[in-house]
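A.B. asks: Input: one structure, supplied below.
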Protein chains: 2
Amino acid sequence: MKTIPYKTYLSEDEMPRAYYNLRADLEKDHSPLLHPITREPATLTDLEAIFSSELAAQELNNTDRYLPIPQEVLNFYRMYRPSPLVRAYYLEKELQTPAEIYYKYEGGNTSGSHKLNSAIAQAYYAKEQGLTGITTETGAGQWGTALAMACSYFDLKLKVYMVRCSVEQKPHRKVLMETYGATVIPSPSHTTEAGQSFLERDPDSPGSLGMAIAEALEVAAADPDYRYTLGSVLNQVLLHQSIVGLETKAALDNLQKEADILIGCAGGGSNLGGLIGCFIGDKIQGKKAPRIIAVEPASCPTLTRGKFAYDYCDSARKTPLAKMYTLGASFVPPAGHAGGLRFHGMSPIISQLYHDGLIEEARNYGQKDIFAAAVFFARCEGTLPAPESAHAIRAAIDEALKCKAKREKKIIVFGLTGNGYFDLAAYDAFNKNLLENNSLGDATLAQALKELANLHQ
Amino acid sequence: MKTIPYKTYLSEDEMPRAYYNLRADLEKDHSPLLHPITREPATLTDLEAIFSSELAAQELNNTDRYLPIPQEVLNFYRMYRPSPLVRAYYLEKELQTPAEIYYKYEGGNTSGSHKLNSAIAQAYYAKEQGLTGITTETGAGQWGTALAMACSYFDLKLKVYMVRCSVEQKPHRKVLMETYGATVIPSPSHTTEAGQSFLERDPDSPGSLGMAIAEALEVAAADPDYRYTLGSVLNQVLLHQSIVGLETKAALDNLQKEADILIGCAGGGSNLGGLIGCFIGDKIQGKKAPRIIAVEPASCPTLTRGKFAYDYCDSARKTPLAKMYTLGASFVPPAGHAGGLRFHGMSPIISQLYHDGLIEEARNYGQKDIFAAAVFFARCEGTLPAPESAHAIRAAIDEALKCKAKREKKIIVFGLTGNGYFDLAAYDAFNKNLLENNSLGDATLAQALKELANLHQ
């Protein structure tokens, strides 16, 4: 048999030309978004007040299996896609596992992560609609950087509310966004009513994605030529990220390989949803499909310890309500180093898939454990992973070690969503043994879930 | 005609399996290295005291046209090579130039630059010889990072002397090297006699590559199980870097394109020498070959304003003397942001090629001008370049604009040696309009060249 190359690149001709809309294939769609005041299912008109019109339509679309990728977006994708599917030969060797390990590497572009896949689509639709600019929030800074690149490309204005503790942990993320022309405001801030109210409650608030979303939404709502954008959670984002799974599957097909286990980290669900989409499609159609494992931080364990309930997506309770696994919109995760996973909720699609058993397993790891995996991986595979991605690495290593114990030759595929160039303060803390596992305490969790329960009374 | 893809990847099978040793084809080799005390041509024995034996032999080899790449090094290369040759469609479009612009992108690996190509080879030969560890210097940190990755892979100890102003400009480079297991010491330091003497002369010295080399050499010389390594200047380094040019040429051949202009930034010469090697080979054989432009910083203009003379490679004057373009071993370049180009001398091979007209042109740019080019490039092509690479970008843009003025459809190829993830403090300074062009003053230059002249009396 021919040797499998270390990196498998698809040709540009093989790059998907349409997004895959998993919802068209699902027997049971997720429960609808609800208007925050009327509690009626959100309409297209409701959503058009928040998002550009095409994105609002995508948010509700559960009928079209494929949506063509606009040519201008395809042109941009050519700058950094198809991304490689990498065989982790050196990781396998170090682990002495009979398993084959592959990872889809999305960290090779300047934004440093998979977020660019949706950023460029969202910027495109805003531009098409003739908007002046967009607002957004960012945690780790990967989404903000991606959107800054996309807005620079389409000459759109961009205001980014960046979670304060992330600004402090990685000031260079802010500089990078500014280099691409974006305005970056640490959140919570005094520039919005929502921000002011958060600061009144806690002047030293580290911020959270929920708070930053509230601020970005408020600013967008105040200007008819602006709309809000979000880098995860939403159906539209998972739709755009479906390109990750489609490419992964095409590359595996080229190698004549079938995944047994598919692993993704999960914060809001953009990476996981994109990676698993077409594999879930196979599963629904009764084809052979991998067991899926969602991995989240012990400090923000939405799927593993949250409730499946309607909740707001932001801390100011202004967004539509989504039926999802959540720790409660008032929950502020501790300032851990995987900023991209610090979200109290989870994509409604991912939540429904997990609830229905189409995602077979969710697990969480402490940050010390995931950094140990990250450093182990970096030293044998070369690539320095983002802490978010290190969650998937940790799970892949654990699965590979199980294969070793059982002498099973399984095929493990995971998503390596981004690089860790902007996370070296966290690596420094780990190297100096200053990191703790940072698990969410039972009392804090109970309090957060109690507030969530109050919402439903 | 088929559309040229945005990125051209060679397959792993097409990756070169031998380094190209340009010296075997040169009519006139460079003048020999001279022993620092006897001033006689350095022998293999002299060099084996400094370098591992195989590298010492490579340093002197001007007869073998091709040297096979060891299998273990080829295995490592597969992790990140072949690197892509990218068509800069968006840069062309922004410039409205009829020229075609291509760049060989070496910044896609975790070390962030082309330096890994030589680092892994040097670590391999040290390991083969049974050494315990190696020492080195690093400026911008790209070489040190690359060597840290390579030493981690082969389980070798590594001590890195890092130029102090670079440590201060990019502390995360240090963390990255430490994450891969290296020991990093800011230079000048109190850990060596050379460092102490530099600090006595100037306690606030920003350091320089010349000083850091002196310290790393001293430490290696004190332990028979250690050797010194260098990331540029040397023949062995240009030999390893020849893989860059070989891949570039193979990719252009696949596209049925021939470069008219070939551009590389030049500090010690590792990138430029690697990129142009096989193209110079063509030129010598009378084949069509590109016009070559070397680009350096106005703050350290070795080729454009230095002298072609014998000089030491380090500030402590302990290394063999090399015949090269130099600003004098006592010259301390201002603390500019392209740390990788802050070397007083230049590869003897590059120097000889420039002297003999095989490199047709050298030019220098101020740092403000190169950052302007870097930001322009980042915004249209996505990739954030290292400041070193931005010198080549600036020259490529200028050449493309000349083509526009003359309506010439030339093919311009340049080396994009690394990414700028660790240079955001410099980008921040540029964004805030705090950077100056930082040209070397005439008086400073005259003083440096006077000291060089004293050496030859």
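All residue names refer to the structure tokens as shown: chains lettered A, B, ... in order, residues numbered from 1 in each chain, ligands numbered from 1 in order.
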What are the nearest atom pairs, with distances in Å to one decimal, for all residues of chain A that come at most 8 Å from chain B, using only C-alpha atoms, set out by chain and rising residue number as CSV?

C.D. replies:
residue,atom,partner,partner_atom,distance
A:Pro5,CA,B:Glu12,CA,6.8
A:Tyr6,CA,B:Arg78,CA,6.1
A:Lys7,CA,B:Met79,CA,7.4
A:Glu12,CA,B:Pro5,CA,6.7
A:Arg78,CA,B:Tyr6,CA,6.0
A:Met79,CA,B:Tyr6,CA,6.3
A:Gly108,CA,B:Gly108,CA,6.3
A:Asn109,CA,B:Thr383,CA,6.8
A:Thr110,CA,B:Thr383,CA,5.1
A:Met149,CA,B:Gly382,CA,6.8
A:Ser152,CA,B:Arg379,CA,6.1
A:Tyr153,CA,B:Cys380,CA,6.4
A:His172,CA,B:Leu424,CA,5.8
A:Val175,CA,B:Asp428,CA,5.8
A:Leu176,CA,B:Leu424,CA,6.8
A:Glu178,CA,B:Asn431,CA,7.8
A:Thr179,CA,B:Asn431,CA,6.7
A:Tyr180,CA,B:Arg379,CA,6.1
A:Val375,CA,B:Thr179,CA,6.9
A:Ala378,CA,B:Tyr180,CA,7.7
A:Arg379,CA,B:Tyr180,CA,6.1
A:Cys380,CA,B:Tyr153,CA,6.5
A:Glu381,CA,B:Met79,CA,7.4
A:Gly382,CA,B:Thr110,CA,6.2
A:Thr383,CA,B:Thr110,CA,5.1
A:Leu384,CA,B:Thr110,CA,6.1
A:Tyr421,CA,B:Tyr421,CA,6.6
A:Phe422,CA,B:Tyr421,CA,7.7
A:Leu424,CA,B:His172,CA,5.8
A:Ala425,CA,B:His172,CA,7.2
A:Tyr427,CA,B:Thr179,CA,7.1
A:Asp428,CA,B:Val175,CA,5.8
A:Asn431,CA,B:Thr179,CA,6.7

A.B. asks: Next, the residues of the selection above should be written as a JSON list (two decimals), in the first residue's frame with N, CA and C atoms.

C.D. replies:
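What landed in result_30.json:
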[["chain", "number", "residue", "atom", "x", "y", "z"],
["A", 5, "PRO", "N", 0.79, 10.29, 3.16],
["A", 5, "PRO", "CA", 1.64, 11.45, 3.39],
["A", 5, "PRO", "C", 1.38, 12.05, 4.77],
["A", 6, "TYR", "N", 2.34, 12.81, 5.22],
["A", 6, "TYR", "CA", 2.18, 13.45, 6.52],
["A", 6, "TYR", "C", 1.03, 14.46, 6.49],
["A", 7, "LYS", "N", 0.97, 15.24, 5.42],
["A", 7, "LYS", "CA", -0.11, 16.22, 5.27],
["A", 7, "LYS", "C", -0.86, 15.92, 3.98],
["A", 12, "GLU", "N", -7.32, 22.91, -5.05],
["A", 12, "GLU", "CA", -8.36, 23.95, -5.01],
["A", 12, "GLU", "C", -9.64, 23.48, -5.70],
["A", 78, "ARG", "N", -9.55, 30.56, -1.07],
["A", 78, "ARG", "CA", -8.35, 30.07, -1.78],
["A", 78, "ARG", "C", -7.06, 30.58, -1.16],
["A", 79, "MET", "N", -7.17, 31.70, -0.43],
["A", 79, "MET", "CA", -5.95, 32.24, 0.20],
["A", 79, "MET", "C", -5.43, 31.31, 1.29],
["A", 108, "GLY", "N", -3.41, 27.54, 10.26],
["A", 108, "GLY", "CA", -2.36, 27.98, 9.36],
["A", 108, "GLY", "C", -2.57, 29.34, 8.71],
["A", 109, "ASN", "N", -3.70, 29.96, 8.97],
["A", 109, "ASN", "CA", -3.92, 31.30, 8.40],
["A", 109, "ASN", "C", -3.60, 32.35, 9.45],
["A", 110, "THR", "N", -3.45, 33.63, 9.02],
["A", 110, "THR", "CA", -3.01, 34.65, 9.96],
["A", 110, "THR", "C", -3.98, 34.85, 11.12],
["A", 149, "MET", "N", -9.69, 40.68, 9.64],
["A", 149, "MET", "CA", -9.13, 40.37, 8.32],
["A", 149, "MET", "C", -10.23, 40.43, 7.26],
["A", 152, "SER", "N", -11.36, 44.02, 6.62],
["A", 152, "SER", "CA", -10.33, 44.72, 5.87],
["A", 152, "SER", "C", -10.45, 44.36, 4.39],
["A", 153, "TYR", "N", -10.69, 43.10, 4.10],
["A", 153, "TYR", "CA", -10.80, 42.63, 2.71],
["A", 153, "TYR", "C", -11.98, 43.26, 1.99],
["A", 172, "HIS", "N", -1.40, 41.42, 22.40],
["A", 172, "HIS", "CA", -1.02, 41.45, 20.98],
["A", 172, "HIS", "C", -2.15, 41.03, 20.07],
["A", 175, "VAL", "N", -3.57, 44.31, 19.16],
["A", 175, "VAL", "CA", -2.74, 44.99, 18.16],
["A", 175, "VAL", "C", -2.97, 44.37, 16.78],
["A", 176, "LEU", "N", -3.09, 43.06, 16.74],
["A", 176, "LEU", "CA", -3.28, 42.38, 15.46],
["A", 176, "LEU", "C", -4.59, 42.85, 14.81],
["A", 178, "GLU", "N", -6.13, 45.62, 15.36],
["A", 178, "GLU", "CA", -5.94, 47.03, 14.98],
["A", 178, "GLU", "C", -5.12, 47.15, 13.71],
["A", 179, "THR", "N", -4.15, 46.27, 13.55],
["A", 179, "THR", "CA", -3.33, 46.28, 12.34],
["A", 179, "THR", "C", -4.19, 46.04, 11.10],
["A", 180, "TYR", "N", -5.24, 45.24, 11.27],
["A", 180, "TYR", "CA", -6.17, 45.01, 10.16],
["A", 180, "TYR", "C", -7.30, 46.06, 10.13],
["A", 375, "VAL", "N", 1.71, 20.73, 25.40],
["A", 375, "VAL", "CA", 3.17, 20.76, 25.34],
["A", 375, "VAL", "C", 3.71, 19.43, 24.80],
["A", 378, "ALA", "N", 3.10, 19.59, 21.11],
["A", 378, "ALA", "CA", 4.00, 20.54, 20.43],
["A", 378, "ALA", "C", 5.39, 19.93, 20.27],
["A", 379, "ARG", "N", 5.85, 19.26, 21.30],
["A", 379, "ARG", "CA", 7.22, 18.73, 21.24],
["A", 379, "ARG", "C", 7.34, 17.57, 20.26],
["A", 380, "CYS", "N", 6.27, 16.81, 20.06],
["A", 380, "CYS", "CA", 6.44, 15.72, 19.08],
["A", 380, "CYS", "C", 5.89, 16.06, 17.70],
["A", 381, "GLU", "N", 4.87, 16.89, 17.60],
["A", 381, "GLU", "CA", 4.29, 17.18, 16.29],
["A", 381, "GLU", "C", 4.71, 18.54, 15.73],
["A", 382, "GLY", "N", 5.43, 19.32, 16.55],
["A", 382, "GLY", "CA", 5.91, 20.61, 16.05],
["A", 382, "GLY", "C", 4.93, 21.75, 16.30],
["A", 383, "THR", "N", 3.71, 21.60, 15.89],
["A", 383, "THR", "CA", 2.73, 22.68, 15.98],
["A", 383, "THR", "C", 2.36, 23.01, 17.43],
["A", 384, "LEU", "N", 2.38, 24.31, 17.76],
["A", 384, "LEU", "CA", 1.97, 24.77, 19.08],
["A", 384, "LEU", "C", 0.47, 25.04, 19.03],
["A", 421, "TYR", "N", 0.13, 30.85, 19.21],
["A", 421, "TYR", "CA", 1.12, 31.94, 19.23],
["A", 421, "TYR", "C", 0.75, 33.06, 20.21],
["A", 422, "PHE", "N", -0.56, 33.24, 20.44],
["A", 422, "PHE", "CA", -0.98, 34.35, 21.30],
["A", 422, "PHE", "C", -1.31, 33.87, 22.71],
["A", 424, "LEU", "N", 1.08, 32.46, 24.79],
["A", 424, "LEU", "CA", 2.34, 32.11, 25.44],
["A", 424, "LEU", "C", 2.41, 32.57, 26.88],
["A", 425, "ALA", "N", 1.58, 33.56, 27.26],
["A", 425, "ALA", "CA", 1.53, 33.90, 28.68],
["A", 425, "ALA", "C", 0.97, 32.70, 29.45],
["A", 427, "TYR", "N", 1.13, 29.50, 28.39],
["A", 427, "TYR", "CA", 2.17, 28.46, 28.37],
["A", 427, "TYR", "C", 3.25, 28.77, 29.41],
["A", 428, "ASP", "N", 3.58, 30.05, 29.54],
["A", 428, "ASP", "CA", 4.58, 30.46, 30.54],
["A", 428, "ASP", "C", 4.12, 30.07, 31.93],
["A", 431, "ASN", "N", 4.46, 26.35, 32.22],
["A", 431, "ASN", "CA", 5.88, 25.95, 32.36],
["A", 431, "ASN", "C", 6.37, 26.18, 33.79]]

A.B. asks: Residues within 8 Å of segment 32-42 of chain B, please, as a list in words. Count only C-alpha atoms; anything in the same chain fewer than 4 positions from it doesn't count.

C.D. replies: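 My list of contacting residues is Asp46, Leu47, Tyr312, Arg317, Lys318, Thr319, Pro320, Leu321, Ala322 and Lys323 of chain B.
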
A.B. asks: Contacts of segment 246-251 of chain A at 12 Å or less, counting only C-alpha atoms, minus same-chain residues fewer than 6 places along, as an NGL selection string?

C.D. replies: :A and (4-5 or 7-22 or 66 or 81-87 or 102-106 or 239-240 or 257-259 or 262 or 273-282 or 289-290 or 413-416)

A.B. asks: Compile the contact shell of Lys28 of chain B as a list in words: residues with an atom at most 9 Å away, counting only C-alpha atoms, same-chain residues fewer than 5 positions apart removed.

C.D. replies: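 The filter keeps Arg23, Gln352 and Asp356 of chain B.
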
A.B. asks: Return the single residue from B:Ala338, B:Glu27, B:Leu435, B:Ile397 that is closest to Ile101 of chain B, with distances computed using only C-alpha atoms.

C.D. replies: B:Ile397

A.B. asks: Env of His337 of chain A: 9 Å cut, atoms = only C-alpha atoms, seq-sep filter 4 positions within chain, self excluded. Answer as a PyMOL selection string.

C.D. replies: chain A and resi 140+166+169+367+387-388+423+426

A.B. asks: Please run DSSP on the backbone and report, as a list in words, all residues within segment 340-443 of chain B that come out as strand (DSSP E or B).

C.D. replies: Glu361, Ala362, Arg363, Asn364, Tyr365, Pro385, Ile411, Ile412, Val413, Phe414, Gly415, Leu416, Gly418 and Asn419 of chain B

A.B. asks: Atoms to include: C-alpha atoms. Write the selected residues as a compact mmCIF listing (two decimals), in the first residue's frame.

C.D. replies:
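The result, written out as part-v1.txt:
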# COMPACT_ATOMS: atom_id res chain seq x y z
CA GLU B 361 21.52 44.37 -6.99
CA ALA B 362 21.39 45.16 -3.28
CA ARG B 363 19.19 47.85 -1.79
CA ASN B 364 18.12 48.96 1.67
CA TYR B 365 14.89 50.32 3.15
CA PRO B 385 4.81 38.98 7.64
CA ILE B 411 7.32 37.39 -13.08
CA ILE B 412 8.45 38.46 -9.63
CA VAL B 413 9.25 35.87 -6.97
CA PHE B 414 10.21 36.67 -3.42
CA GLY B 415 10.93 34.81 -0.21
CA LEU B 416 8.46 35.34 2.60
CA GLY B 418 8.49 34.12 8.33
CA ASN B 419 5.33 35.27 10.03

A.B. asks: Looking at B:Gly328, B:Leu209, B:Ile393, B:Gln285, which one is nearest to Arg342 of chain B, with distances taken over only C-alpha atoms?

C.D. replies: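 With only C-alpha atoms as the atom set, the closest residue is B:Leu209.
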
A.B. asks: Enumerate, as a ChimeraX atom specification, the complete set of residues in segment 163-282 of chain A that a backbone-based DSSP assignment places in alpha helix (DSSP H).

C.D. replies: /A:164-169,171-179,193-201,209-221,235-254,270-282

A.B. asks: Could you check how far atom CA of Asn438 of chain B sits from atom CA of Pro297 of chain B, in Å to one decimal?

C.D. replies: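 Interatomic distance, atom CA of Asn438 of chain B to atom CA of Pro297 of chain B: 8.8 Å.
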
A.B. asks: Name the closest residue to Gly141 of chain B among the candidates B:Asp155, B:Gly339, B:Tyr125, B:Gln241; distances are taken between atoms, counting only C-alpha atoms.

C.D. replies: B:Gly339

A.B. asks: I'd like the contact shell of His344 of chain A - 8 Å cut-off, only C-alpha atoms, skipping same-chain residues fewer than 5 positions apart - returned as a list in words.

C.D. replies: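 The contact residues come out as Gly210, Cys300, Thr302, Cys313, Thr326, Leu327, Gly328, Ala329, Phe331, Val332 and Pro333 of chain A.
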
A.B. asks: Kindly export the residues of the current selection with all heavy atoms, as a PDB file, in the first residue's frame.

C.D. replies:
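For reference, again_12.pdb as written:
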ATOM      1  N   GLY A 210     -20.643  36.427  27.255  1.00  0.00           N
ATOM      2  CA  GLY A 210     -22.027  36.870  27.411  1.00  0.00           C
ATOM      3  C   GLY A 210     -22.134  38.384  27.552  1.00  0.00           C
ATOM      4  O   GLY A 210     -23.021  39.021  26.968  1.00  0.00           O
ATOM      5  N   CYS A 300     -15.909  25.485  32.496  1.00  0.00           N
ATOM      6  CA  CYS A 300     -17.127  25.964  31.815  1.00  0.00           C
ATOM      7  C   CYS A 300     -17.805  24.765  31.142  1.00  0.00           C
ATOM      8  O   CYS A 300     -17.917  24.705  29.924  1.00  0.00           O
ATOM      9  CB  CYS A 300     -16.757  27.055  30.807  1.00  0.00           C
ATOM     10  SG  CYS A 300     -18.175  27.984  30.197  1.00  0.00           S
ATOM     11  N   THR A 302     -20.449  23.125  29.931  1.00  0.00           N
ATOM     12  CA  THR A 302     -21.833  23.336  29.510  1.00  0.00           C
ATOM     13  C   THR A 302     -22.574  22.027  29.236  1.00  0.00           C
ATOM     14  O   THR A 302     -23.654  21.772  29.794  1.00  0.00           O
ATOM     15  CB  THR A 302     -21.831  24.211  28.234  1.00  0.00           C
ATOM     16  OG1 THR A 302     -20.870  25.246  28.405  1.00  0.00           O
ATOM     17  CG2 THR A 302     -23.188  24.821  28.004  1.00  0.00           C
ATOM     18  N   CYS A 313     -28.591  34.195  25.224  1.00  0.00           N
ATOM     19  CA  CYS A 313     -27.212  34.015  24.776  1.00  0.00           C
ATOM     20  C   CYS A 313     -26.268  35.052  25.372  1.00  0.00           C
ATOM     21  O   CYS A 313     -25.051  34.919  25.272  1.00  0.00           O
ATOM     22  CB  CYS A 313     -27.124  34.085  23.249  1.00  0.00           C
ATOM     23  SG  CYS A 313     -28.050  32.760  22.461  1.00  0.00           S
ATOM     24  N   THR A 326     -26.872  24.848  28.968  1.00  0.00           N
ATOM     25  CA  THR A 326     -26.411  26.133  29.477  1.00  0.00           C
ATOM     26  C   THR A 326     -26.116  26.054  30.967  1.00  0.00           C
ATOM     27  O   THR A 326     -26.703  25.236  31.699  1.00  0.00           O
ATOM     28  CB  THR A 326     -27.462  27.235  29.211  1.00  0.00           C
ATOM     29  OG1 THR A 326     -27.032  28.456  29.823  1.00  0.00           O
ATOM     30  CG2 THR A 326     -28.826  26.856  29.775  1.00  0.00           C
ATOM     31  N   LEU A 327     -25.211  26.914  31.389  1.00  0.00           N
ATOM     32  CA  LEU A 327     -24.920  27.082  32.820  1.00  0.00           C
ATOM     33  C   LEU A 327     -25.647  28.302  33.364  1.00  0.00           C
ATOM     34  O   LEU A 327     -25.453  28.683  34.511  1.00  0.00           O
ATOM     35  CB  LEU A 327     -23.402  27.223  33.013  1.00  0.00           C
ATOM     36  CG  LEU A 327     -22.576  26.023  32.543  1.00  0.00           C
ATOM     37  CD1 LEU A 327     -21.105  26.391  32.433  1.00  0.00           C
ATOM     38  CD2 LEU A 327     -22.768  24.838  33.474  1.00  0.00           C
ATOM     39  N   GLY A 328     -26.472  28.915  32.527  1.00  0.00           N
ATOM     40  CA  GLY A 328     -27.202  30.108  32.931  1.00  0.00           C
ATOM     41  C   GLY A 328     -26.523  31.375  32.452  1.00  0.00           C
ATOM     42  O   GLY A 328     -25.305  31.517  32.561  1.00  0.00           O
ATOM     43  N   ALA A 329     -27.335  32.294  31.901  1.00  0.00           N
ATOM     44  CA  ALA A 329     -26.776  33.502  31.276  1.00  0.00           C
ATOM     45  C   ALA A 329     -26.066  34.399  32.273  1.00  0.00           C
ATOM     46  O   ALA A 329     -25.282  35.269  31.890  1.00  0.00           O
ATOM     47  CB  ALA A 329     -27.878  34.282  30.560  1.00  0.00           C
ATOM     48  N   PHE A 331     -24.014  33.269  34.521  1.00  0.00           N
ATOM     49  CA  PHE A 331     -22.771  32.598  34.923  1.00  0.00           C
ATOM     50  C   PHE A 331     -21.553  33.274  34.285  1.00  0.00           C
ATOM     51  O   PHE A 331     -21.527  33.478  33.073  1.00  0.00           O
ATOM     52  CB  PHE A 331     -22.835  31.118  34.504  1.00  0.00           C
ATOM     53  CG  PHE A 331     -21.556  30.371  34.729  1.00  0.00           C
ATOM     54  CD1 PHE A 331     -21.093  30.107  36.011  1.00  0.00           C
ATOM     55  CD2 PHE A 331     -20.810  29.918  33.649  1.00  0.00           C
ATOM     56  CE1 PHE A 331     -19.912  29.420  36.213  1.00  0.00           C
ATOM     57  CE2 PHE A 331     -19.626  29.227  33.847  1.00  0.00           C
ATOM     58  CZ  PHE A 331     -19.175  28.975  35.131  1.00  0.00           C
ATOM     59  N   VAL A 332     -20.576  33.622  35.111  1.00  0.00           N
ATOM     60  CA  VAL A 332     -19.315  34.184  34.602  1.00  0.00           C
ATOM     61  C   VAL A 332     -18.219  33.155  34.837  1.00  0.00           C
ATOM     62  O   VAL A 332     -17.820  32.918  35.978  1.00  0.00           O
ATOM     63  CB  VAL A 332     -18.948  35.507  35.305  1.00  0.00           C
ATOM     64  CG1 VAL A 332     -17.644  36.062  34.738  1.00  0.00           C
ATOM     65  CG2 VAL A 332     -20.067  36.528  35.147  1.00  0.00           C
ATOM     66  N   PRO A 333     -17.729  32.518  33.753  1.00  0.00           N
ATOM     67  CA  PRO A 333     -16.700  31.486  33.942  1.00  0.00           C
ATOM     68  C   PRO A 333     -15.435  32.099  34.525  1.00  0.00           C
ATOM     69  O   PRO A 333     -15.136  33.269  34.259  1.00  0.00           O
ATOM     70  CB  PRO A 333     -16.426  30.975  32.519  1.00  0.00           C
ATOM     71  CG  PRO A 333     -17.494  31.562  31.661  1.00  0.00           C
ATOM     72  CD  PRO A 333     -18.018  32.772  32.348  1.00  0.00           C
TER      73      PRO A 333
END

A.B. asks: Could you give me, as a PyMOL selection string, the residues within 12 Å of Leu55 of chain A, counting only C-alpha atoms and dropping anything in the same chain fewer than 4 positions from it?

C.D. replies: chain A and resi 44-45+47-51+59-61+67+118-119+121-129+227-230+234-240

A.B. asks: Go through B:Thr183, B:Thr97, B:Ser270, B:Ser351 one by one, measure the shortest atom-to-atom distance of each to Glu408 of chain B using only C-alpha atoms, and give the residue with the smallest value.

C.D. replies: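 Closest to Glu408 of chain B, using only C-alpha atoms: B:Thr97.
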